[in-house]
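Here's model-v9.tsv, which has TSV, C-alpha atoms and all ligand atoms:
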chain	number	residue	atom	x	y	z
A	1	MET	CA	37.74	-39.68	18.34
A	2	LYS	CA	34.85	-41.63	19.93
A	3	LEU	CA	35.39	-45.35	19.47
A	4	SER	CA	32.98	-48.25	20.04
A	5	ASN	CA	33.64	-50.59	22.99
A	6	ARG	CA	34.91	-53.12	20.45
A	7	LEU	CA	37.55	-50.80	18.99
A	8	ASN	CA	38.44	-49.26	22.36
A	9	HIS	CA	39.22	-52.69	23.76
A	10	ILE	CA	41.57	-53.40	20.85
A	11	ILE	CA	43.60	-50.29	21.69
A	12	LYS	CA	43.56	-51.18	25.40
A	13	MET	CA	44.93	-54.68	24.76
A	14	CYS	CA	47.85	-53.42	22.62
A	15	ASN	CA	51.18	-52.99	24.40
A	16	TYR	CA	53.79	-50.60	23.06
A	17	SER	CA	55.60	-51.80	19.92
A	18	ASP	CA	57.83	-49.68	17.64
A	19	VAL	CA	55.71	-50.65	14.65
A	20	ILE	CA	52.11	-51.92	14.63
A	21	ILE	CA	50.52	-53.23	11.45
A	22	ASP	CA	46.76	-52.67	11.24
A	23	VAL	CA	45.70	-55.44	8.84
A	24	GLY	CA	42.34	-54.80	7.16
A	25	CYS	CA	42.42	-51.16	8.28
A	26	ASP	CA	39.34	-49.97	6.33
A	27	HIS	CA	38.39	-46.64	8.07
A	28	GLY	CA	41.84	-46.45	9.69
A	29	TYR	CA	40.46	-45.75	13.19
A	30	ILE	CA	42.61	-48.44	14.79
A	31	SER	CA	45.82	-46.98	13.28
A	32	ILE	CA	44.80	-43.43	14.24
A	33	SER	CA	44.02	-44.39	17.85
A	34	LEU	CA	47.19	-46.47	18.23
A	35	ILE	CA	49.26	-43.41	17.30
A	36	GLN	CA	47.15	-41.02	19.39
A	37	LYS	CA	47.55	-43.27	22.45
A	38	ASN	CA	51.31	-43.64	21.89
A	39	LYS	CA	51.07	-47.41	21.42
A	40	CYS	CA	53.63	-47.26	18.59
A	41	LYS	CA	56.04	-44.94	16.78
A	42	LYS	CA	54.86	-45.97	13.33
A	43	CYS	CA	51.72	-47.62	12.07
A	44	TYR	CA	51.16	-49.44	8.78
A	45	ALA	CA	47.51	-49.22	7.75
A	46	VAL	CA	47.09	-52.18	5.40
A	47	ASP	CA	44.13	-53.20	3.28
A	48	ILE	CA	43.76	-55.53	0.32
A	49	ASN	CA	41.18	-53.24	-1.32
A	50	GLU	CA	41.74	-49.74	-2.67
A	51	GLY	CA	38.34	-48.36	-1.59
A	52	PRO	CA	38.79	-49.00	2.15
A	53	LEU	CA	42.43	-47.85	1.93
A	54	ASN	CA	41.29	-44.51	0.46
A	55	ASN	CA	38.82	-44.32	3.32
A	56	ALA	CA	41.72	-44.71	5.77
A	57	ARG	CA	43.81	-42.15	3.85
A	58	SER	CA	41.15	-39.43	4.19
A	59	ASN	CA	40.65	-40.08	7.92
A	60	ILE	CA	44.42	-40.10	8.54
A	61	LYS	CA	44.66	-36.76	6.69
A	62	LEU	CA	41.79	-35.38	8.78
A	63	TYR	CA	43.81	-36.14	11.93
A	64	LYS	CA	47.05	-34.88	10.31
A	65	LEU	CA	48.83	-38.19	10.96
A	66	GLU	CA	50.24	-38.80	7.46
A	67	ASN	CA	53.81	-38.81	8.85
A	68	ASP	CA	53.01	-41.47	11.46
A	69	ILE	CA	50.78	-43.83	9.49
A	70	LYS	CA	51.77	-45.36	6.17
A	71	CYS	CA	48.94	-46.71	3.99
A	72	ILE	CA	49.79	-49.90	2.11
A	73	GLN	CA	47.71	-51.98	-0.29
A	74	SER	CA	48.53	-55.61	0.43
A	75	ASP	CA	47.06	-59.04	1.02
A	76	GLY	CA	47.81	-59.44	4.74
A	77	PHE	CA	51.54	-59.42	5.50
A	78	ASP	CA	52.67	-59.97	1.87
A	79	PHE	CA	54.23	-56.46	1.75
A	80	LEU	CA	56.38	-56.89	4.87
A	81	ASN	CA	60.13	-57.15	4.34
A	82	GLN	CA	61.61	-55.88	7.59
A	83	ASN	CA	61.94	-57.22	11.11
A	84	GLY	CA	62.45	-55.72	14.54
A	85	ASN	CA	59.97	-54.69	17.21
A	86	ILE	CA	56.89	-55.30	15.05
A	87	SER	CA	53.38	-56.27	16.13
A	88	ALA	CA	49.99	-56.41	14.45
A	89	VAL	CA	46.25	-56.09	14.91
A	90	ILE	CA	43.92	-58.14	12.70
A	91	ALA	CA	40.35	-57.13	13.46
A	92	GLY	CA	36.86	-57.13	12.03
A	93	MET	CA	37.19	-60.08	9.64
A	94	GLY	CA	35.89	-63.65	9.70
A	95	GLY	CA	37.88	-66.42	11.38
A	96	VAL	CA	38.71	-68.21	8.11
A	97	THR	CA	40.05	-65.03	6.47
A	98	ILE	CA	42.21	-64.27	9.51
A	99	ALA	CA	43.52	-67.86	9.69
A	100	ASN	CA	44.41	-67.60	5.97
A	101	ILE	CA	46.27	-64.32	6.56
A	102	LEU	CA	48.31	-66.00	9.32
A	103	GLN	CA	48.91	-69.16	7.27
A	104	GLN	CA	50.01	-67.23	4.15
A	105	ASN	CA	52.98	-65.62	5.93
A	106	LYS	CA	53.75	-68.01	8.78
A	107	ASP	CA	57.47	-67.08	8.93
A	108	LYS	CA	56.68	-63.36	9.27
A	109	VAL	CA	54.01	-64.13	11.87
A	110	ASN	CA	56.52	-66.17	13.89
A	111	ASP	CA	58.85	-63.16	13.95
A	112	MET	CA	56.35	-60.71	15.43
A	113	ASP	CA	56.24	-59.56	19.04
A	114	TYR	CA	52.50	-59.91	19.36
A	115	ILE	CA	49.38	-60.15	17.22
A	116	LEU	CA	46.01	-59.11	18.56
A	117	ILE	CA	43.20	-60.89	16.75
A	118	GLN	CA	39.57	-59.82	16.97
A	119	PRO	CA	37.42	-61.91	14.63
A	120	ASN	CA	33.87	-60.85	13.82
A	121	SER	CA	32.83	-64.48	13.33
A	122	TYR	CA	34.12	-68.06	13.62
A	123	PRO	CA	36.84	-67.52	16.25
A	124	LYS	CA	37.04	-71.33	16.43
A	125	ASP	CA	38.87	-71.40	13.08
A	126	ILE	CA	41.58	-69.20	14.52
A	127	ARG	CA	41.95	-71.22	17.73
A	128	LYS	CA	42.16	-74.42	15.68
A	129	PHE	CA	44.83	-72.89	13.40
A	130	LEU	CA	46.86	-71.66	16.39
A	131	TYR	CA	46.54	-74.98	18.19
A	132	ASN	CA	47.56	-77.00	15.12
A	133	ASN	CA	50.53	-74.71	14.48
A	134	LYS	CA	51.62	-74.76	18.14
A	135	ILE	CA	51.24	-70.97	18.42
A	136	TYR	CA	50.70	-70.13	22.06
A	137	ILE	CA	47.66	-68.05	23.06
A	138	GLU	CA	48.82	-65.58	25.71
A	139	THR	CA	45.38	-64.37	26.69
A	140	GLU	CA	41.79	-64.15	25.52
A	141	ASP	CA	38.99	-61.78	26.37
A	142	VAL	CA	35.37	-61.09	25.47
A	143	VAL	CA	33.69	-57.68	25.30
A	144	PHE	CA	30.04	-56.76	24.71
A	145	SER	CA	29.67	-53.92	22.20
A	146	GLU	CA	26.56	-52.65	20.41
A	147	GLY	CA	24.59	-55.83	21.08
A	148	VAL	CA	27.34	-58.29	20.11
A	149	TYR	CA	29.92	-60.30	22.08
A	150	TYR	CA	33.35	-59.81	20.48
A	151	GLU	CA	36.24	-62.16	21.17
A	152	TYR	CA	39.91	-61.14	21.43
A	153	ILE	CA	42.86	-63.50	21.05
A	154	LEU	CA	46.35	-62.23	21.89
A	155	ILE	CA	49.31	-64.25	20.67
A	156	PHE	CA	53.04	-63.88	21.30
A	157	PRO	CA	54.41	-66.05	18.47
A	158	LYS	CA	58.04	-65.87	19.70
A	159	ARG	CA	57.22	-67.12	23.18
A	160	GLN	CA	57.41	-70.83	23.74
A	161	GLY	CA	54.30	-71.35	25.79
A	162	VAL	CA	53.12	-74.67	27.06
A	163	LEU	CA	49.46	-75.52	26.83
A	164	THR	CA	48.42	-77.20	30.04
A	165	GLU	CA	46.43	-80.40	29.79
A	166	GLU	CA	43.48	-78.52	31.23
A	167	ILE	CA	43.52	-75.93	28.40
A	168	GLN	CA	44.00	-78.61	25.74
A	169	LYS	CA	41.03	-80.54	27.11
A	170	PHE	CA	38.96	-77.35	27.23
A	171	LEU	CA	39.71	-76.51	23.58
A	172	LEU	CA	38.96	-80.01	22.36
A	173	ASP	CA	35.82	-80.46	24.52
A	174	PHE	CA	34.32	-77.32	23.00
A	175	GLU	CA	35.82	-77.98	19.54
A	176	TYR	CA	37.61	-74.59	19.78
A	177	GLU	CA	34.26	-72.75	19.96
A	178	ILE	CA	34.52	-71.23	23.42
A	179	SER	CA	37.01	-68.59	24.51
A	180	THR	CA	39.51	-69.87	27.07
A	181	CYS	CA	38.98	-66.62	29.03
A	182	ILE	CA	35.98	-68.19	30.79
A	183	MET	CA	38.42	-70.46	32.64
A	184	ASN	CA	39.34	-67.33	34.63
A	185	ASN	CA	35.85	-66.14	35.42
A	186	ILE	CA	36.94	-64.06	38.40
A	187	ASP	CA	34.06	-62.21	40.09
A	188	GLY	CA	31.69	-63.62	37.45
A	189	LYS	CA	33.14	-61.27	34.80
A	190	TYR	CA	32.18	-63.67	32.01
A	191	ASN	CA	28.85	-64.92	33.44
A	192	ASP	CA	26.75	-63.03	30.86
A	193	PHE	CA	28.82	-64.42	28.01
A	194	ILE	CA	28.59	-67.97	29.40
A	195	LEU	CA	24.81	-67.63	29.81
A	196	TYR	CA	24.57	-66.31	26.24
A	197	LYS	CA	26.41	-69.41	24.97
A	198	ILE	CA	24.19	-71.69	27.11
A	199	ARG	CA	21.09	-70.06	25.55
A	200	LYS	CA	22.53	-70.59	22.06
A	201	TYR	CA	23.25	-74.28	22.71
A	202	THR	CA	19.82	-74.75	24.34
A	203	LEU	CA	18.19	-73.45	21.14
A	204	ILE	CA	20.25	-75.95	19.12
A	205	LEU	CA	19.04	-78.77	21.45
A	206	LYS	CA	15.43	-77.69	20.93
A	207	GLU	CA	15.88	-77.69	17.14
A	208	LEU	CA	17.45	-81.17	17.30
A	209	GLU	CA	14.50	-82.41	19.39
A	210	LYS	CA	12.07	-81.26	16.67
A	211	ILE	CA	13.72	-83.46	14.02
A	212	ARG	CA	11.92	-86.81	13.58
A	213	VAL	CA	15.03	-88.89	13.03
A	214	LYS	CA	16.99	-87.97	16.14
A	215	ASN	CA	20.71	-87.36	16.06
A	216	TYR	CA	21.51	-88.47	19.60
A	217	GLU	CA	25.27	-88.03	19.19
A	218	LYS	CA	24.88	-84.37	18.23
A	219	TRP	CA	22.29	-83.83	20.97
A	220	ASN	CA	24.68	-85.30	23.55
A	221	THR	CA	27.55	-83.12	22.33
A	222	PHE	CA	25.59	-79.93	22.87
A	223	ASN	CA	24.04	-81.12	26.10
A	224	ASN	CA	27.52	-81.92	27.47
A	225	ARG	CA	28.75	-78.49	26.41
A	226	ILE	CA	25.89	-76.84	28.34
A	227	LEU	CA	26.75	-78.88	31.44
A	228	LYS	CA	30.43	-77.94	31.14
A	229	LEU	CA	29.65	-74.25	30.58
A	230	ARG	CA	27.56	-74.22	33.78
A	231	GLU	CA	30.64	-75.33	35.72
A	232	TYR	CA	32.39	-72.08	34.75
A	233	LEU	CA	29.62	-69.80	36.08
A	234	ASN	CA	30.75	-67.91	39.16
A	235	ASP	CA	28.03	-67.24	41.72
A	236	ASN	CA	30.08	-64.93	43.96
A	301	LIG	C1	35.06	-55.00	8.22
A	301	LIG	S1	36.60	-54.27	7.81
A	301	LIG	C2	37.35	-54.17	9.43
A	301	LIG	C3	37.92	-52.80	9.69
A	301	LIG	C4	38.66	-52.65	11.00
A	301	LIG	N1	39.83	-53.52	11.08
A	301	LIG	C5	37.75	-52.88	12.18
A	301	LIG	O1	37.99	-53.83	12.94
A	301	LIG	O2	36.79	-52.12	12.36
A	301	LIG	C6	37.54	-55.57	7.06
A	301	LIG	C7	38.59	-55.05	6.11
A	301	LIG	O3	39.53	-56.08	5.86
A	301	LIG	C8	39.98	-55.98	4.52
A	301	LIG	N2	40.58	-57.27	4.16
A	301	LIG	C9	39.95	-58.45	3.90
A	301	LIG	N3	40.85	-59.41	3.61
A	301	LIG	C10	42.08	-58.84	3.70
A	301	LIG	C11	43.41	-59.32	3.50
A	301	LIG	N4	43.65	-60.58	3.15
A	301	LIG	N5	44.44	-58.46	3.67
A	301	LIG	C12	44.21	-57.17	4.02
A	301	LIG	N6	42.97	-56.65	4.20
A	301	LIG	C13	41.92	-57.47	4.06
A	301	LIG	C14	38.72	-55.58	3.77
A	301	LIG	O4	39.02	-54.95	2.54
A	301	LIG	C15	38.04	-54.61	4.76
A	301	LIG	O5	38.38	-53.28	4.52
Here is the file; what I need is its structure written in the form of structure tokens.
Ligand SMILES: C[S@@+](CC[C@H](N)C(=O)[O-])C[C@H]1O[C@@H](n2cnc3c(N)ncnc32)[C@H](O)[C@@H]1O
Amino acid sequence: MKLSNRLNHIIKMCNYSDVIIDVGCDHGYISISLIQKNKCKKCYAVDINEGPLNNARSNIKLYKLENDIKCIQSDGFDFLNQNGNISAVIAGMGGVTIANILQQNKDKVNDMDYILIQPNSYPKDIRKFLYNNKIYIETEDVVFSEGVYYEYILIFPKRQGVLTEEIQKFLLDFEYEISTCIMNNIDGKYNDFILYKIRKYTLILKELEKIRVKNYEKWNTFNNRILKLREYLNDN
């Protein structure tokens, strides 16, 4: 099965876990690839809506993986009543929806080995939720796929991580909007992403400059963010 860069990177970032729950499975490609790449023994393909779940069912049948992937209609983790070596992927939804899915079943979330989150928008809402709930972010990444930068947030809820002062300051300075992965911009890996964010903030500055009654506070906030982002560019 040929996957987009976005989906491929999800599979790459998943470590082995006995069970992986694919929340919001829709087409079921994540579940199918996780099984094909031996990332888990059993996959639960979960969707709140019947239409997408039927979509997943037909694709799973096409790949003859009905014994390895169980399709479940559920709102997030509501269906889950077991523990053990269980992990999850929550991908392709907005940040608020994903934060709500985590919030709704916080105890179950805290019992999981890892959760890989790939929001399609508003990743800041997820970072803010994780920060406020003291859930440690193990690692973050950004991947360019089909004209869009996608962000990945990997959490290990059982691990007691400590957020350094530097990371806390970073999150608060950018109001959770920027992925912490740019702090490790080795070999300029994230330069394009940083430049993309600088261009976005520069456009916001220009819009603010057009307004007759100037909002200097807002202008300064974005200007400071641009200056800070430049510090993370790696010229080597
Ligand atoms: C755009 S699709 C993403 C499909 C796939 N995960 C991907 O990344 O390509 C989002 C899916 O999430 C489902 N969804 C939305 N809210 C959900 C929830 N609370 N619990 C389970 N599924 C949900 C939708 O029905 C839809 O099929």
Ligand LIG 301 (chain A) neighbours within 10 Å using all atoms listed in the file, as a ChimeraX atom specification: /A:3-4,6-7,10,22-31,45-53,55-56,72-78,89-94,97-102,104,117-120
Place a sphere of radius 12 Å on (34.5, -63.2, 33.5) in the file coordinates and name every protein, DNA or RNA residue with an atom inside or on its surface, counting only C-alpha atoms; give the answer as a PyMOL selection string. chain A and resi 140-144+179-195+232-236
Export C-alpha atoms of the chosen residues as an mmCIF file, keeping the file's coordinate frame?
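Contents of again14.cif, as written:
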data_model
loop_
_atom_site.group_PDB
_atom_site.id
_atom_site.type_symbol
_atom_site.label_atom_id
_atom_site.label_comp_id
_atom_site.auth_asym_id
_atom_site.auth_seq_id
_atom_site.Cartn_x
_atom_site.Cartn_y
_atom_site.Cartn_z
ATOM 1 C CA GLU A 140 41.790 -64.150 25.520
ATOM 2 C CA ASP A 141 38.990 -61.780 26.370
ATOM 3 C CA VAL A 142 35.370 -61.090 25.470
ATOM 4 C CA VAL A 143 33.690 -57.680 25.300
ATOM 5 C CA PHE A 144 30.040 -56.760 24.710
ATOM 6 C CA SER A 179 37.010 -68.590 24.510
ATOM 7 C CA THR A 180 39.510 -69.870 27.070
ATOM 8 C CA CYS A 181 38.980 -66.620 29.030
ATOM 9 C CA ILE A 182 35.980 -68.190 30.790
ATOM 10 C CA MET A 183 38.420 -70.460 32.640
ATOM 11 C CA ASN A 184 39.340 -67.330 34.630
ATOM 12 C CA ASN A 185 35.850 -66.140 35.420
ATOM 13 C CA ILE A 186 36.940 -64.060 38.400
ATOM 14 C CA ASP A 187 34.060 -62.210 40.090
ATOM 15 C CA GLY A 188 31.690 -63.620 37.450
ATOM 16 C CA LYS A 189 33.140 -61.270 34.800
ATOM 17 C CA TYR A 190 32.180 -63.670 32.010
ATOM 18 C CA ASN A 191 28.850 -64.920 33.440
ATOM 19 C CA ASP A 192 26.750 -63.030 30.860
ATOM 20 C CA PHE A 193 28.820 -64.420 28.010
ATOM 21 C CA ILE A 194 28.590 -67.970 29.400
ATOM 22 C CA LEU A 195 24.810 -67.630 29.810
ATOM 23 C CA TYR A 232 32.390 -72.080 34.750
ATOM 24 C CA LEU A 233 29.620 -69.800 36.080
ATOM 25 C CA ASN A 234 30.750 -67.910 39.160
ATOM 26 C CA ASP A 235 28.030 -67.240 41.720
ATOM 27 C CA ASN A 236 30.080 -64.930 43.960
#
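Among the candidate residues A:Tyr114, A:Phe79, A:Tyr44, A:Tyr201, the one lying nearest to Ile178 (chain A) is A:Tyr201, with distances computed using all atoms listed in the file.
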Show me, as a ChimeraX atom specification, the residues that have an atom within 12 Å of Val162 (chain A) when counting all atoms listed in the file, minus same-chain residues fewer than 3 positions from it. /A:131,134-138,159,165-168
Could you state the separation of CA of Lys218 (chain A) and CA of Asp173 (chain A) in Å, given to one decimal place?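 So the two atoms, CA of Lys218 (chain A) and CA of Asp173 (chain A), lie 13.2 Å apart.
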Quote the spacing between CA of Asn8 (chain A) and CA of Gln82 (chain A) in Å to one decimal place. 28.3 Å
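Each of A:Ile115, A:Ile21, A:Met1, A:Ile198 was compared to Leu62 (chain A) using all atoms listed in the file, and A:Met1 turns out to be the nearest.
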Calculate how many Å separate CA of Leu116 (chain A) from CA of Phe156 (chain A), rounding to one decimal.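 Value for the CA of Leu116 (chain A)-CA of Phe156 (chain A) distance: 8.9 Å.
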If I wrap all listed atoms of region 151-154 of chain A in a box with edges along x, y and z and add 5 Å on each side, what are its centre and edge lengths in Å to one decimal, as lines of an AutoDock Vina configuration file?
center_x = 41.3
center_y = -62.3
center_z = 21.5
size_x = 20.1
size_y = 12.4
size_z = 10.8
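The shortest atom-to-atom distance to Asn5 (chain A), with only C-alpha atoms taken into account, belongs to A:Ser145 out of A:Ser121, A:Ser145, A:Thr221, A:Asn83.
Distance annotation: of A:Asp113, A:Ile20, A:Tyr176, A:Asp68, the residue with the minimal separation from Asn132 (chain A) is A:Tyr176; atom set is only C-alpha atoms.
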With the input short on atoms, add N, CA and C atoms back to region 174-192 of chain A and write it as a PDB file, keeping the file's coordinate frame.
ATOM      1  N   PHE A 174      35.220 -78.291  23.635  1.00  0.00           N
ATOM      2  CA  PHE A 174      34.320 -77.320  23.000  1.00  0.00           C
ATOM      3  C   PHE A 174      34.602 -77.177  21.492  1.00  0.00           C
ATOM      4  N   GLU A 175      35.422 -78.052  20.968  1.00  0.00           N
ATOM      5  CA  GLU A 175      35.820 -77.980  19.540  1.00  0.00           C
ATOM      6  C   GLU A 175      36.222 -76.557  19.157  1.00  0.00           C
ATOM      7  N   TYR A 176      37.019 -75.932  19.998  1.00  0.00           N
ATOM      8  CA  TYR A 176      37.610 -74.590  19.780  1.00  0.00           C
ATOM      9  C   TYR A 176      36.577 -73.454  19.769  1.00  0.00           C
ATOM     10  N   GLU A 177      35.320 -73.757  20.117  1.00  0.00           N
ATOM     11  CA  GLU A 177      34.260 -72.750  19.960  1.00  0.00           C
ATOM     12  C   GLU A 177      34.194 -71.739  21.088  1.00  0.00           C
ATOM     13  N   ILE A 178      34.701 -72.113  22.260  1.00  0.00           N
ATOM     14  CA  ILE A 178      34.520 -71.230  23.420  1.00  0.00           C
ATOM     15  C   ILE A 178      35.861 -70.614  23.827  1.00  0.00           C
ATOM     16  N   SER A 179      35.801 -69.307  24.119  1.00  0.00           N
ATOM     17  CA  SER A 179      37.010 -68.590  24.510  1.00  0.00           C
ATOM     18  C   SER A 179      37.568 -69.141  25.819  1.00  0.00           C
ATOM     19  N   THR A 180      38.879 -69.331  25.853  1.00  0.00           N
ATOM     20  CA  THR A 180      39.510 -69.870  27.070  1.00  0.00           C
ATOM     21  C   THR A 180      39.429 -68.873  28.234  1.00  0.00           C
ATOM     22  N   CYS A 181      39.024 -67.619  27.951  1.00  0.00           N
ATOM     23  CA  CYS A 181      38.980 -66.620  29.030  1.00  0.00           C
ATOM     24  C   CYS A 181      37.983 -67.038  30.112  1.00  0.00           C
ATOM     25  N   ILE A 182      36.976 -67.843  29.766  1.00  0.00           N
ATOM     26  CA  ILE A 182      35.980 -68.190  30.790  1.00  0.00           C
ATOM     27  C   ILE A 182      36.564 -69.097  31.875  1.00  0.00           C
ATOM     28  N   MET A 183      37.768 -69.645  31.603  1.00  0.00           N
ATOM     29  CA  MET A 183      38.420 -70.460  32.640  1.00  0.00           C
ATOM     30  C   MET A 183      38.858 -69.592  33.811  1.00  0.00           C
ATOM     31  N   ASN A 184      38.988 -68.279  33.557  1.00  0.00           N
ATOM     32  CA  ASN A 184      39.340 -67.330  34.630  1.00  0.00           C
ATOM     33  C   ASN A 184      38.174 -66.384  34.876  1.00  0.00           C
ATOM     34  N   ASN A 185      37.053 -66.957  35.247  1.00  0.00           N
ATOM     35  CA  ASN A 185      35.850 -66.140  35.420  1.00  0.00           C
ATOM     36  C   ASN A 185      35.812 -65.499  36.813  1.00  0.00           C
ATOM     37  N   ILE A 186      36.815 -64.682  37.066  1.00  0.00           N
ATOM     38  CA  ILE A 186      36.940 -64.060  38.400  1.00  0.00           C
ATOM     39  C   ILE A 186      35.810 -63.047  38.589  1.00  0.00           C
ATOM     40  N   ASP A 187      35.190 -63.095  39.755  1.00  0.00           N
ATOM     41  CA  ASP A 187      34.060 -62.210  40.090  1.00  0.00           C
ATOM     42  C   ASP A 187      32.895 -62.323  39.102  1.00  0.00           C
ATOM     43  N   GLY A 188      32.816 -63.424  38.374  1.00  0.00           N
ATOM     44  CA  GLY A 188      31.690 -63.620  37.450  1.00  0.00           C
ATOM     45  C   GLY A 188      31.745 -62.696  36.244  1.00  0.00           C
ATOM     46  N   LYS A 189      32.953 -62.210  35.924  1.00  0.00           N
ATOM     47  CA  LYS A 189      33.140 -61.270  34.800  1.00  0.00           C
ATOM     48  C   LYS A 189      32.535 -61.789  33.491  1.00  0.00           C
ATOM     49  N   TYR A 190      32.631 -63.109  33.286  1.00  0.00           N
ATOM     50  CA  TYR A 190      32.180 -63.670  32.010  1.00  0.00           C
ATOM     51  C   TYR A 190      30.823 -64.390  32.118  1.00  0.00           C
ATOM     52  N   ASN A 191      30.122 -64.216  33.271  1.00  0.00           N
ATOM     53  CA  ASN A 191      28.850 -64.920  33.440  1.00  0.00           C
ATOM     54  C   ASN A 191      27.864 -64.643  32.307  1.00  0.00           C
ATOM     55  N   ASP A 192      27.728 -63.369  31.913  1.00  0.00           N
ATOM     56  CA  ASP A 192      26.750 -63.030  30.860  1.00  0.00           C
ATOM     57  C   ASP A 192      27.089 -63.724  29.553  1.00  0.00           C
TER      58      ASP A 192
END
